[in-house]
$ cat target_24.txt   # compact mmCIF, C-alpha atoms (C1' of nucleotides)
# COMPACT_ATOMS: atom_id res chain seq x y z
CA MET A 14 26.11 -29.28 -1.43
CA SER A 15 23.50 -30.94 -3.55
CA THR A 16 21.05 -28.11 -3.39
CA TYR A 17 23.33 -25.31 -4.35
CA HIS A 18 20.98 -24.98 -7.21
CA HIS A 19 17.46 -24.88 -5.98
CA ARG A 20 16.14 -26.03 -9.33
CA ASP A 21 13.03 -23.91 -9.27
CA LEU A 22 13.65 -21.07 -6.95
CA ARG A 23 11.48 -18.67 -8.85
CA ALA A 24 8.40 -20.79 -8.37
CA ALA A 25 9.32 -21.46 -4.76
CA LEU A 26 9.65 -17.76 -4.07
CA LEU A 27 6.30 -17.03 -5.64
CA ARG A 28 4.74 -19.79 -3.60
CA GLU A 29 6.14 -18.59 -0.30
CA ALA A 30 5.43 -14.97 -1.06
CA GLY A 31 1.91 -15.90 -2.07
CA LYS A 32 1.29 -17.62 1.23
CA ARG A 33 2.72 -14.69 3.13
CA LEU A 34 0.64 -12.30 1.07
CA GLU A 35 -2.74 -13.63 2.10
CA LYS A 36 -1.72 -14.13 5.71
CA GLN A 37 0.03 -10.88 6.44
CA GLY A 38 -0.82 -8.44 3.70
CA ILE A 39 1.19 -6.74 1.04
CA ALA A 40 3.26 -4.60 3.36
CA ALA A 41 4.58 -7.70 5.09
CA LEU A 42 5.97 -9.10 1.86
CA SER A 43 9.72 -8.94 1.69
CA LEU A 44 12.23 -10.53 -0.60
CA ARG A 45 14.37 -11.53 2.34
CA GLU A 46 11.54 -13.26 4.10
CA ALA A 47 10.62 -15.14 0.96
CA ALA A 48 14.24 -16.16 0.54
CA ARG A 49 14.38 -17.35 4.13
CA ARG A 50 11.25 -19.44 3.69
CA ALA A 51 12.65 -20.93 0.53
CA GLY A 52 15.79 -21.84 2.43
CA VAL A 53 18.05 -19.69 0.38
CA SER A 54 20.33 -16.74 0.93
CA HIS A 55 18.99 -13.22 1.19
CA ASN A 56 20.21 -12.22 -2.21
CA ALA A 57 19.23 -15.26 -4.23
CA PRO A 58 15.88 -13.77 -5.26
CA TYR A 59 17.70 -11.14 -7.27
CA ARG A 60 18.67 -13.80 -9.78
CA HIS A 61 14.98 -14.14 -10.61
CA PHE A 62 13.48 -10.74 -9.85
CA PRO A 63 15.34 -7.50 -10.45
CA ASP A 64 13.56 -5.91 -7.54
CA ARG A 65 10.72 -6.28 -5.09
CA GLU A 66 8.13 -4.65 -7.30
CA THR A 67 8.73 -7.20 -10.03
CA LEU A 68 7.97 -9.98 -7.57
CA LEU A 69 4.74 -8.21 -6.66
CA ALA A 70 3.92 -7.84 -10.34
CA ALA A 71 4.39 -11.57 -10.85
CA LEU A 72 2.05 -12.29 -7.94
CA ALA A 73 -0.51 -9.92 -9.40
CA ALA A 74 -0.19 -11.60 -12.78
CA GLU A 75 -1.00 -14.94 -11.17
CA GLY A 76 -4.07 -13.30 -9.70
CA PHE A 77 -5.26 -12.00 -13.05
CA GLN A 78 -4.86 -15.44 -14.52
CA VAL A 79 -6.95 -17.06 -11.81
CA LEU A 80 -9.57 -14.34 -12.03
CA GLY A 81 -9.76 -14.82 -15.77
CA GLN A 82 -10.29 -18.54 -15.33
CA GLN A 83 -13.04 -17.98 -12.78
CA LEU A 84 -14.83 -15.60 -15.09
CA GLU A 85 -14.47 -18.01 -17.96
CA LYS A 86 -16.49 -20.58 -16.10
CA THR A 87 -19.45 -18.30 -15.82
CA SER A 88 -21.67 -16.34 -18.15
CA GLY A 89 -24.11 -13.49 -18.04
CA ARG A 90 -25.09 -12.16 -14.68
CA GLU A 91 -23.18 -14.78 -12.76
CA MET A 92 -19.96 -13.27 -13.95
CA GLY A 93 -20.40 -10.34 -11.62
CA GLU A 94 -20.92 -12.62 -8.67
CA ALA A 95 -17.85 -14.61 -9.62
CA TYR A 96 -15.82 -11.41 -9.74
CA VAL A 97 -16.85 -10.42 -6.24
CA ARG A 98 -16.39 -13.95 -5.01
CA PHE A 99 -12.81 -13.94 -6.22
CA ALA A 100 -12.13 -10.67 -4.42
CA LEU A 101 -13.59 -11.93 -1.17
CA ALA A 102 -11.72 -15.21 -1.44
CA HIS A 103 -8.36 -13.57 -2.06
CA PRO A 104 -8.57 -10.12 -0.51
CA GLN A 105 -4.89 -9.33 -0.37
CA ARG A 106 -4.26 -10.67 -3.83
CA PHE A 107 -7.09 -8.54 -5.11
CA ARG A 108 -5.67 -5.46 -3.43
CA LEU A 109 -2.30 -6.19 -4.91
CA MET A 110 -3.82 -6.50 -8.36
CA PHE A 111 -5.79 -3.29 -8.07
CA GLY A 112 -4.16 -1.31 -5.31
CA GLY A 113 -2.10 0.88 -7.57
CA GLN A 114 1.13 -0.13 -5.88
CA ILE A 115 2.42 -1.61 -9.08
CA ALA A 116 3.15 0.69 -11.97
CA LEU A 117 1.09 -1.05 -14.61
CA ASP A 118 2.98 0.59 -17.44
CA LYS A 119 6.18 -1.11 -16.38
CA TYR A 120 4.66 -4.57 -16.73
CA PRO A 121 2.81 -4.88 -20.03
CA GLU A 122 1.91 -8.50 -19.38
CA LEU A 123 0.01 -7.34 -16.34
CA ARG A 124 -2.11 -4.90 -18.28
CA ALA A 125 -2.65 -7.56 -20.89
CA ALA A 126 -3.81 -10.05 -18.29
CA ALA A 127 -6.23 -7.54 -16.85
CA ALA A 128 -7.52 -6.61 -20.27
CA SER A 129 -8.02 -10.26 -21.06
CA ALA A 130 -10.18 -10.70 -17.99
CA PHE A 131 -12.12 -7.58 -18.91
CA ASP A 132 -12.71 -8.92 -22.39
CA ARG A 133 -14.84 -11.67 -20.96
CA LEU A 134 -17.05 -9.12 -19.28
CA GLN A 135 -17.10 -7.09 -22.44
CA ALA A 136 -18.30 -10.03 -24.49
CA ALA A 137 -21.32 -10.37 -22.26
CA PHE A 138 -22.44 -6.95 -23.43
CA SER A 139 -22.04 -7.51 -27.12
CA GLY A 140 -25.78 -7.13 -27.54
CA TYR A 141 -25.73 -3.55 -26.39
CA GLY A 142 -24.80 -2.07 -29.71
CA GLY A 143 -22.71 1.06 -29.82
CA GLU A 144 -22.82 1.50 -26.09
CA ALA A 145 -21.50 -1.96 -25.41
CA ARG A 146 -18.14 -0.70 -24.25
CA THR A 147 -19.76 1.85 -22.01
CA ALA A 148 -22.15 -0.64 -20.50
CA ALA A 149 -19.36 -3.11 -19.95
CA ALA A 150 -17.28 -0.43 -18.29
CA ALA A 151 -20.19 0.35 -15.99
CA ALA A 152 -20.63 -3.31 -15.14
CA TRP A 153 -16.98 -3.74 -14.38
CA SER A 154 -17.02 -0.61 -12.27
CA LEU A 155 -19.99 -1.90 -10.33
CA VAL A 156 -18.54 -5.27 -9.41
CA HIS A 157 -15.12 -3.81 -8.86
CA GLY A 158 -16.33 -1.10 -6.54
CA LEU A 159 -18.55 -3.51 -4.68
CA SER A 160 -15.59 -5.82 -4.14
CA HIS A 161 -13.42 -3.02 -2.82
CA LEU A 162 -16.01 -1.55 -0.52
CA ILE A 163 -16.90 -4.90 0.97
CA LEU A 164 -13.23 -5.71 1.53
CA ASP A 165 -12.70 -2.36 3.20
CA GLY A 166 -15.58 -3.12 5.53
CA HIS A 167 -17.78 -0.28 4.42
CA PHE A 168 -20.89 -2.40 4.26
CA ALA A 169 -22.45 -4.12 7.20
CA GLN A 170 -23.16 -7.20 5.14
CA ARG A 171 -20.79 -9.15 2.98
CA ASP A 172 -22.59 -12.39 2.31
CA GLU A 173 -23.41 -13.74 -1.09
CA ASP A 174 -27.04 -12.75 -0.76
CA PHE A 175 -26.15 -9.11 -0.24
CA VAL A 176 -23.95 -9.21 -3.31
CA LYS A 177 -26.76 -10.66 -5.38
CA ARG A 178 -29.23 -8.05 -4.20
CA VAL A 179 -26.88 -5.19 -5.00
CA LEU A 180 -26.11 -6.52 -8.43
CA ALA A 181 -29.79 -7.19 -9.09
CA VAL A 182 -30.81 -3.63 -8.44
CA VAL A 183 -28.85 -2.38 -11.42
CA ARG A 184 -29.99 -2.15 -15.04
CA PHE A 185 -27.92 -1.14 -17.99
CA ALA A 186 -29.70 1.08 -20.44
CA VAL A 187 -28.64 1.65 -23.97
CA GLY A 188 -29.29 4.66 -26.13
CA PRO A 189 -30.80 7.94 -24.97
CA GLN A 190 -31.84 8.10 -21.35
CA ARG A 191 -35.44 7.29 -20.67
CA SER A 192 -35.46 7.03 -16.88
CA ALA A 193 -36.32 3.87 -14.97
CA MET B 27 16.86 27.85 20.75
CA SER B 28 13.64 29.64 20.16
CA THR B 29 12.08 26.92 18.08
CA TYR B 30 12.72 24.02 20.32
CA HIS B 31 8.99 23.80 20.36
CA HIS B 32 7.69 23.83 16.86
CA ARG B 33 4.30 25.01 18.04
CA ASP B 34 2.33 23.00 15.56
CA LEU B 35 4.46 20.13 14.47
CA ARG B 36 1.53 17.81 14.01
CA ALA B 37 -0.03 20.06 11.40
CA ALA B 38 3.33 20.66 9.76
CA LEU B 39 3.97 16.93 9.50
CA LEU B 40 0.58 16.34 7.95
CA ARG B 41 1.20 19.14 5.50
CA GLU B 42 4.60 17.87 4.41
CA ALA B 43 3.45 14.27 4.29
CA GLY B 44 0.43 15.33 2.29
CA LYS B 45 2.60 17.04 -0.30
CA ARG B 46 4.88 14.04 -0.47
CA LEU B 47 1.90 11.73 -0.79
CA GLU B 48 0.55 13.17 -4.01
CA LYS B 49 3.98 13.58 -5.53
CA GLN B 50 5.58 10.26 -4.73
CA GLY B 51 2.85 7.89 -3.65
CA ILE B 52 2.09 6.16 -0.43
CA ALA B 53 5.14 3.94 -0.38
CA ALA B 54 7.42 6.98 -0.43
CA LEU B 55 5.87 8.35 2.74
CA SER B 56 8.14 8.08 5.72
CA LEU B 57 8.06 9.60 9.14
CA ARG B 58 11.72 10.46 8.89
CA GLU B 59 11.29 12.28 5.62
CA ALA B 60 8.35 14.25 6.97
CA ALA B 61 10.41 15.14 10.03
CA ARG B 62 13.28 16.28 7.84
CA ARG B 63 10.99 18.48 5.78
CA ALA B 64 9.52 19.97 8.90
CA GLY B 65 13.02 20.74 10.11
CA VAL B 66 12.85 18.52 13.11
CA SER B 67 14.67 15.47 14.44
CA HIS B 68 13.90 11.99 13.15
CA ASN B 69 12.06 10.99 16.26
CA ALA B 70 9.96 14.07 16.88
CA PRO B 71 6.98 12.73 14.94
CA TYR B 72 6.53 10.03 17.55
CA ARG B 73 5.30 12.67 19.97
CA HIS B 74 2.30 13.17 17.70
CA PHE B 75 1.82 9.84 16.00
CA PRO B 76 2.46 6.53 17.75
CA ASP B 77 3.51 4.98 14.47
CA ARG B 78 3.54 5.45 10.73
CA GLU B 79 0.14 3.93 10.18
CA THR B 80 -1.47 6.48 12.45
CA LEU B 81 -0.02 9.26 10.34
CA LEU B 82 -1.46 7.59 7.27
CA ALA B 83 -4.81 7.29 9.01
CA ALA B 84 -4.80 11.00 9.75
CA LEU B 85 -4.07 11.78 6.11
CA ALA B 86 -6.91 9.50 5.07
CA ALA B 87 -9.24 11.20 7.53
CA GLU B 88 -8.43 14.54 5.92
CA GLY B 89 -9.34 12.99 2.60
CA PHE B 90 -12.70 11.77 3.83
CA GLN B 91 -13.48 15.21 5.15
CA VAL B 92 -12.72 16.85 1.83
CA LEU B 93 -14.65 14.20 -0.07
CA GLY B 94 -17.62 14.75 2.20
CA GLN B 95 -17.52 18.47 1.56
CA GLN B 96 -17.36 17.96 -2.20
CA LEU B 97 -20.36 15.65 -2.11
CA GLU B 98 -22.25 18.08 0.06
CA LYS B 99 -22.06 20.71 -2.64
CA THR B 100 -23.81 18.48 -5.13
CA SER B 101 -27.07 16.64 -5.33
CA GLY B 102 -28.65 13.85 -7.31
CA ARG B 103 -26.78 12.48 -10.23
CA GLU B 104 -24.01 15.03 -10.00
CA MET B 105 -22.85 13.44 -6.80
CA GLY B 106 -21.43 10.51 -8.66
CA GLU B 107 -19.45 12.76 -10.94
CA ALA B 108 -18.15 14.68 -7.97
CA TYR B 109 -17.02 11.43 -6.37
CA VAL B 110 -15.03 10.42 -9.43
CA ARG B 111 -13.70 13.94 -9.83
CA PHE B 112 -12.33 13.82 -6.32
CA ALA B 113 -10.59 10.52 -6.99
CA LEU B 114 -9.02 11.80 -10.20
CA ALA B 115 -7.91 15.02 -8.57
CA HIS B 116 -6.28 13.29 -5.61
CA PRO B 117 -5.31 9.85 -6.83
CA GLN B 118 -2.84 8.95 -4.11
CA ARG B 119 -5.05 10.31 -1.39
CA PHE B 120 -7.90 8.26 -2.76
CA ARG B 121 -5.79 5.13 -2.79
CA LEU B 122 -4.72 5.79 0.74
CA MET B 123 -8.34 6.16 1.83
CA PHE B 124 -9.48 3.01 0.08
CA GLY B 125 -6.37 0.96 -0.52
CA GLY B 126 -6.80 -1.28 2.48
CA GLN B 127 -3.41 -0.37 3.87
CA ILE B 128 -4.99 1.10 6.95
CA ALA B 129 -6.77 -1.20 9.34
CA LEU B 130 -10.07 0.64 9.50
CA ASP B 131 -11.06 -1.03 12.73
CA LYS B 132 -8.16 0.56 14.53
CA TYR B 133 -9.31 4.06 13.63
CA PRO B 134 -13.01 4.45 14.38
CA GLU B 135 -13.00 8.09 13.33
CA LEU B 136 -11.94 6.96 9.89
CA ARG B 137 -14.86 4.63 9.48
CA ALA B 138 -17.13 7.33 10.81
CA ALA B 139 -15.82 9.82 8.29
CA ALA B 140 -16.36 7.37 5.47
CA ALA B 141 -19.84 6.51 6.68
CA SER B 142 -20.67 10.18 6.86
CA ALA B 143 -19.71 10.64 3.24
CA PHE B 144 -21.74 7.59 2.31
CA ASP B 145 -24.74 9.01 4.14
CA ARG B 146 -24.95 11.81 1.61
CA LEU B 147 -25.15 9.29 -1.19
CA GLN B 148 -27.64 7.29 0.78
CA ALA B 149 -29.91 10.28 1.22
CA ALA B 150 -30.13 10.70 -2.52
CA PHE B 151 -31.86 7.30 -2.67
CA SER B 152 -34.41 7.90 0.04
CA GLY B 153 -37.15 7.63 -2.54
CA TYR B 154 -36.34 4.03 -3.30
CA GLY B 155 -38.33 2.54 -0.46
CA GLY B 156 -37.15 -0.64 1.14
CA GLU B 157 -34.37 -1.12 -1.35
CA ALA B 158 -32.91 2.32 -0.72
CA ARG B 159 -29.88 0.94 1.06
CA THR B 160 -29.27 -1.59 -1.65
CA ALA B 161 -29.60 0.95 -4.43
CA ALA B 162 -27.32 3.35 -2.60
CA ALA B 163 -24.77 0.58 -2.13
CA ALA B 164 -24.91 -0.15 -5.84
CA ALA B 165 -24.46 3.52 -6.69
CA TRP B 166 -21.50 3.85 -4.37
CA SER B 167 -20.00 0.69 -5.81
CA LEU B 168 -20.40 2.04 -9.31
CA VAL B 169 -18.67 5.36 -8.76
CA HIS B 170 -16.08 3.80 -6.50
CA GLY B 171 -15.16 1.10 -8.97
CA LEU B 172 -15.12 3.55 -11.84
CA SER B 173 -12.72 5.76 -9.90
CA HIS B 174 -10.40 2.90 -9.12
CA LEU B 175 -10.35 1.47 -12.61
CA ILE B 176 -9.69 4.82 -14.20
CA LEU B 177 -6.89 5.52 -11.74
CA ASP B 178 -5.36 2.14 -12.47
CA GLY B 179 -5.41 2.97 -16.15
CA HIS B 180 -7.76 0.19 -17.16
CA PHE B 181 -9.83 2.38 -19.39
CA ALA B 182 -8.53 4.12 -22.46
CA GLN B 183 -10.49 7.24 -21.65
CA ARG B 184 -10.57 9.14 -18.42
CA ASP B 185 -12.15 12.43 -19.33
CA GLU B 186 -15.25 13.85 -17.73
CA ASP B 187 -17.36 12.95 -20.72
CA PHE B 188 -16.49 9.29 -20.44
CA VAL B 189 -17.41 9.36 -16.78
CA LYS B 190 -20.76 10.91 -17.56
CA ARG B 191 -21.51 8.35 -20.23
CA VAL B 192 -20.69 5.45 -17.97
CA LEU B 193 -22.78 6.80 -15.16
CA ALA B 194 -25.62 7.56 -17.52
CA VAL B 195 -25.88 4.01 -18.77
CA VAL B 196 -26.93 2.73 -15.36
CA ARG B 197 -30.43 2.58 -13.91
CA PHE B 198 -31.39 1.54 -10.44
CA ALA B 199 -34.47 -0.57 -10.25
CA VAL B 200 -36.52 -1.10 -7.16
CA GLY B 201 -38.68 -4.04 -6.25
CA PRO B 202 -38.89 -7.33 -8.16
CA GLN B 203 -36.81 -7.50 -11.28
CA ARG B 204 -38.56 -6.52 -14.46
CA SER B 205 -35.69 -6.12 -16.86
CA ALA B 206 -34.76 -2.91 -18.64
C1' DC C 10 37.78 -31.45 -20.73
C1' DT C 11 37.25 -26.48 -20.71
C1' DG C 12 35.49 -22.18 -20.64
C1' DG C 13 31.26 -19.41 -20.32
C1' DT C 14 26.84 -18.66 -18.25
C1' DA C 15 23.27 -19.24 -14.83
C1' DT C 16 22.48 -19.37 -10.24
C1' DG C 17 23.76 -18.74 -5.21
C1' DT C 18 26.54 -16.86 -1.36
C1' DT C 19 28.85 -13.44 1.57
C1' DG C 20 29.58 -8.84 2.67
C1' DA C 21 28.43 -4.19 2.92
C1' DC C 22 25.70 0.14 2.96
C1' DA C 23 21.97 3.36 3.48
C1' DG C 24 17.26 4.33 4.86
C1' DA C 25 13.35 3.31 7.62
C1' DG C 26 10.50 2.18 11.93
C1' DA C 27 10.69 1.93 16.58
C1' DC C 28 12.36 2.04 21.47
C1' DA C 29 15.02 4.21 25.39
C1' DA C 30 17.25 7.77 27.74
C1' DC C 31 17.99 12.38 28.11
C1' DA C 32 17.00 17.62 27.55
C1' DT C 33 14.33 21.59 27.41
C1' DA C 34 10.34 24.39 27.18
C1' DC C 35 5.85 25.31 29.13
C1' DC C 36 2.26 25.65 32.51
C1' DT C 37 -0.18 24.88 36.67
C1' DT C 38 -0.48 25.66 41.41
C1' DA C 39 0.68 26.33 45.85
C1' DT D 4 6.78 33.74 42.00
C1' DA D 5 9.13 29.48 42.57
C1' DA D 6 8.77 24.30 41.98
C1' DG D 7 7.77 20.55 39.92
C1' DG D 8 5.24 17.93 36.57
C1' DT D 9 4.08 17.35 31.69
C1' DA D 10 4.49 18.00 26.81
C1' DT D 11 7.58 18.15 23.24
C1' DG D 12 12.26 17.40 20.97
C1' DT D 13 16.89 15.32 20.57
C1' DT D 14 20.50 11.77 20.41
C1' DG D 15 21.65 7.16 20.28
C1' DT D 16 20.79 2.60 19.08
C1' DC D 17 18.75 -1.78 17.17
C1' DT D 18 16.74 -4.49 13.66
C1' DC D 19 14.84 -5.13 9.22
C1' DT D 20 14.77 -4.29 4.41
C1' DG D 21 16.23 -3.32 -0.45
C1' DT D 22 20.00 -3.20 -3.23
C1' DC D 23 24.74 -3.27 -5.04
C1' DA D 24 29.33 -5.58 -5.58
C1' DA D 25 32.40 -9.31 -5.41
C1' DC D 26 33.05 -13.95 -5.20
C1' DA D 27 31.83 -19.14 -5.66
C1' DT D 28 29.86 -23.06 -7.60
C1' DA D 29 27.12 -25.74 -10.63
C1' DC D 30 25.80 -26.68 -15.33
C1' DC D 31 26.12 -26.85 -20.28
C1' DA D 32 28.01 -26.31 -24.99
C1' DG D 33 31.81 -26.98 -27.84

$ encode --input "target_24.txt" --output "structure tokens"
Amino acid sequence: MSTYHHRDLRAALLREAGKRLEKQGIAALSLREAARRAGVSHNAPYRHFPDRETLLAALAAEGFQVLGQQLEKTSGREMGEAYVRFALAHPQRFRLMFGGQIALDKYPELRAAAASAFDRLQAAFSGYGGEARTAAAAAWSLVHGLSHLILDGHFAQRDEDFVKRVLAVVRFAVGPQRSA
Amino acid sequence: MSTYHHRDLRAALLREAGKRLEKQGIAALSLREAARRAGVSHNAPYRHFPDRETLLAALAAEGFQVLGQQLEKTSGREMGEAYVRFALAHPQRFRLMFGGQIALDKYPELRAAAASAFDRLQAAFSGYGGEARTAAAAAWSLVHGLSHLILDGHFAQRDEDFVKRVLAVVRFAVGPQRSA
DNA sequence: CTGGTATGTTGACAGAGACAACATACCTTA
DNA sequence: TAAGGTATGTTGTCTCTGTCAACATACCAG
């Protein structure tokens, strides 16, 4: 038949799996289902992904790329809001990226993608001198934790205004503590 | 036989699953494996848990209880360190509690347990007036995000000193912004 | 045109979740 | 104390999934 070769099965699988991901969650993702949706036999995916986890890693990598692009568009304090906005817009993708289900060490490009996104945050704190890394780490922690907790439903509110208020209440101090 | 009734299978299953959880991760948790370890047939767990997710929810509930106790022992700024310490000491448990794999709405006692833990944090910010809730939310976000990012290996350091430095760099401001 | 490689297919197996039917221990209560 | 109902386990079965192995077909280089 003419479509014995799918021509771009890898991309098709990622597309279908991506759709499934946001609709049904990570647990519902299966290679066989993706293959079915791509109109291909149950074992075809193995020609492109050695196992399920590698497919998940590829989906996560996509996520890091998008997140990086979103952050690139912003600067300063808006970056934090953009981070949270990404998480709220793609909850399952975000969980996949940061849920610890993927062994980061096995996929160096994943860690690199994450680090690249973090670098943008880091740059925003270049004025903080020796504690720049620490302040950046704190900022990342803040927006990251806020994203997670909102997604998990631990806060009553989850609108953009709430996010802004929470982020606005935080200051980053450099040097010896002097109390607020 | 004398042990047809296990007498406390539910507790035994939670114990075995708990061990398995920290050693192998959430994905490796299976009802059948827990049953095997408890020396019981593959379907016995269903007399105590309607499905796998409910077992996971029970494990998460245990985690929230322990976390709450740890936080109770501390006060003020040490609470944040205790939070992170808990996450680092029980990484898989922490992920289970906050990984979004469990539909919180289906297990009200879970949300209650989490809220109870949060209440302790909240109390530490009672002096912040009208913005107390917001400041507490920010503090929770900070320690929560820091825990996650360290667990995921996104920071080079993960020792107690690093945690202290990150937490120390943050101030919580109340009222109209006035910059730090 | 021919052989090698990339890509798919069919077939099979084991492990898991879940349901049903059956068995046995326990416990109330009449 | 005997009877019957309920709680707890067991066996059997089904479907789904990941994964391996063997085979088939398309494509490409020489």

$ interface_residues --input "target_24.txt" --of "chain A" --to "chain C" --cutoff "10 Å" --atoms "all atoms listed in the file" --output "list in words"
Thr16, Tyr17, His18, His19, Arg20, Leu22, Val53, Ser54, His55, Asn56, Ala57, Pro58, Tyr59, Arg60 and His61 of chain A

$ closest_atom_pairs --input "target_24.txt" --of "chain A" --to "chain B" --cutoff "9 Å" --atoms "all atoms listed in the file" --output "CSV"
residue,atom,partner,partner_atom,distance
A:Gly38,CA,B:Gln127,CA,8.5
A:Ile39,CA,B:Gln127,CA,8.4
A:Ala40,CA,B:Gln127,CA,7.9
A:Gln105,CA,B:Gly126,CA,8.8
A:Arg108,CA,B:Gly125,CA,7.1
A:Phe111,CA,B:Asp178,CA,7.0
A:Gly112,CA,B:Gly125,CA,5.7
A:Gly113,CA,B:Asp178,CA,6.0
A:Gln114,CA,B:Ala53,CA,7.9
A:Ala116,CA,B:Asp178,CA,8.6
A:Leu117,CA,B:Asp178,CA,7.5
A:Asp118,CA,B:Gly179,CA,8.8
A:Arg124,CA,B:His180,CA,7.7
A:Ala127,CA,B:His180,CA,7.9
A:Ala128,CA,B:His180,CA,7.5
A:Glu144,CA,B:Val195,CA,8.3
A:Thr147,CA,B:Val192,CA,5.5
A:Ala148,CA,B:Val195,CA,6.2
A:Ala149,CA,B:Val192,CA,8.9
A:Ala150,CA,B:Val192,CA,6.8
A:Ala151,CA,B:Val192,CA,5.5
A:Ala152,CA,B:Leu168,CA,7.9
A:Trp153,CA,B:Gly171,CA,7.5
A:Ser154,CA,B:Gly171,CA,4.2
A:Leu155,CA,B:Leu168,CA,4.1
A:Val156,CA,B:Ser167,CA,7.1
A:His157,CA,B:Gly171,CA,4.9
A:Gly158,CA,B:Gly171,CA,3.5
A:Leu159,CA,B:Ser167,CA,4.6
A:Ser160,CA,B:Ser167,CA,8.0
A:His161,CA,B:Gly171,CA,7.6
A:Leu162,CA,B:Ser167,CA,7.0
A:Leu164,CA,B:Gly126,CA,7.9
A:Asp165,CA,B:Gly126,CA,6.0
A:Gly166,CA,B:Leu130,CA,7.8
A:His167,CA,B:Ala141,CA,7.4
A:Phe168,CA,B:Ala163,CA,8.0
A:Phe175,CA,B:Thr160,CA,8.3
A:Arg178,CA,B:Thr160,CA,6.9
A:Val179,CA,B:Thr160,CA,5.5
A:Leu180,CA,B:Ala164,CA,7.0
A:Ala181,CA,B:Gln203,CA,7.4
A:Val182,CA,B:Ala199,CA,5.1
A:Val183,CA,B:Phe198,CA,4.8
A:Arg184,CA,B:Arg197,CA,4.9
A:Phe185,CA,B:Val196,CA,4.8
A:Ala186,CA,B:Val195,CA,5.1
A:Val187,CA,B:Val195,CA,6.3
A:Gly188,CA,B:Val195,CA,8.1
A:Pro189,CA,B:Val195,CA,8.8
A:Gln190,CA,B:Ala194,CA,7.3
A:Ser192,CA,B:Arg197,CA,7.3
A:Ala193,CA,B:Arg197,CA,6.1

$ closest_residue --input "target_24.txt" --among "D:DA10, D:DA25, D:DC30, D:DC19" --to "chain B" --atoms "only C-alpha atoms (C1' of nucleotides)"
D:DA10

$ closest_residue --input "target_24.txt" --among "B:Ala61, B:Ala150, B:Leu40, B:Ala86" --to "chain D" --atoms "all atoms listed in the file"
B:Ala61

$ atom_distance --input "target_24.txt" --atom1 "atom CA of B:Thr80" --atom2 "atom CA of B:Asp34"
17.2 Å

$ residues_around --input "target_24.txt" --residues "B:Ala87" --least-positions-apart "5" --cutoff "8 Å" --atoms "all atoms listed in the file" --output "PyMOL selection string"
chain B and resi 123+135-136+139

$ closest_atom_pairs --input "target_24.txt" --of "chain A" --to "chain D" --cutoff "9 Å" --atoms "all atoms listed in the file" --output "Markdown table"
| residue | atom | partner | partner_atom | distance |
| --- | --- | --- | --- | --- |
| A:Tyr17 | CA | D:DA29 | C1' | 7.3 |
| A:His18 | CA | D:DA29 | C1' | 7.1 |
| A:Ser43 | CA | D:DT20 | C1' | 7.4 |
| A:Leu44 | CA | D:DG21 | C1' | 8.2 |
| A:Arg45 | CA | D:DT20 | C1' | 7.5 |
| A:Asp64 | CA | D:DG21 | C1' | 8.0 |
| A:Arg65 | CA | D:DG21 | C1' | 7.8 |
